[in-house]
Amino acid sequence: ARRAWRHDGRRHPSPNAGPVEASFAGALGVRLGGTLTYGGRVEHRPVLNSGGRPVEPADIERAIRLSRRVGVLALGVSVAARPVLRALTGRPRAAGRGGG
């Protein structure tokens, strides 16, 4: 995932999607990109993780599991970082929620 992210992340036309798609391609061991068709329009995009194998239907479930794991990890990091950021910024914790 790291190698594909570093090597291919900037090659994608989208600066936001490129690093994520490249990382997923590397983590799943698949090759993404190339000549694609979107709504009847043909696009030629850079290949991400060129050393990977072609995508198979079973990779959809693997990608879903990976996406869920990444989401849970991101949530965990966010929750764990919140008190650290509060301490660094000097913002006190709110006494209650939703009221004044």
# chains A, B, ... in the order shown; residues from 1 in each chain; ligands from 1

$ closest_atom_pairs --of "stretch 13-32 of chain A" --to "stretch 50-72 of chain A" --cutoff "6 Å" --atoms "only C-alpha atoms" --output "Markdown table"
| residue | atom | partner | partner_atom | distance |
| --- | --- | --- | --- | --- |
| A:Gly29 | CA | A:Gly52 | CA | 5.0 |
| A:Val30 | CA | A:Gly52 | CA | 4.2 |
| A:Arg31 | CA | A:Gly52 | CA | 4.6 |

$ select_by_dssp --residues "stretch 41-96 of chain A" --states "strand (DSSP E or B)" --output "PyMOL selection string"
chain A and resi 41-48+53

$ atom_distance --atom1 "atom CA of A:Val77" --atom2 "atom CA of A:Val20"
17.6 Å

$ select_by_dssp --residues "chain A" --states "alpha helix (DSSP H)" --output "PyMOL selection string"
chain A and resi 2-8+17-28+58-89

$ residues_around --residues "A:Ala27" --least-positions-apart "4" --cutoff "9 Å" --atoms "only C-alpha atoms" --output "JSON, numbers by chain"
{"A": [1, 2, 4, 22, 23, 66]}

$ closest_residue --among "A:Pro15, A:Leu75, A:Gly90, A:Gly9" --to "A:Gly33" --atoms "only C-alpha atoms"
A:Gly9

$ closest_residue --among "A:Leu48, A:Val84, A:Leu73, A:Val42" --to "A:Ala17" --atoms "only C-alpha atoms"
A:Leu48

$ atom_distance --atom1 "atom CA of A:Leu36" --atom2 "atom CA of A:Asn49"
15.8 Å

$ atom_distance --atom1 "atom CA of A:Ser78" --atom2 "atom CA of A:Gly18"
22.7 Å
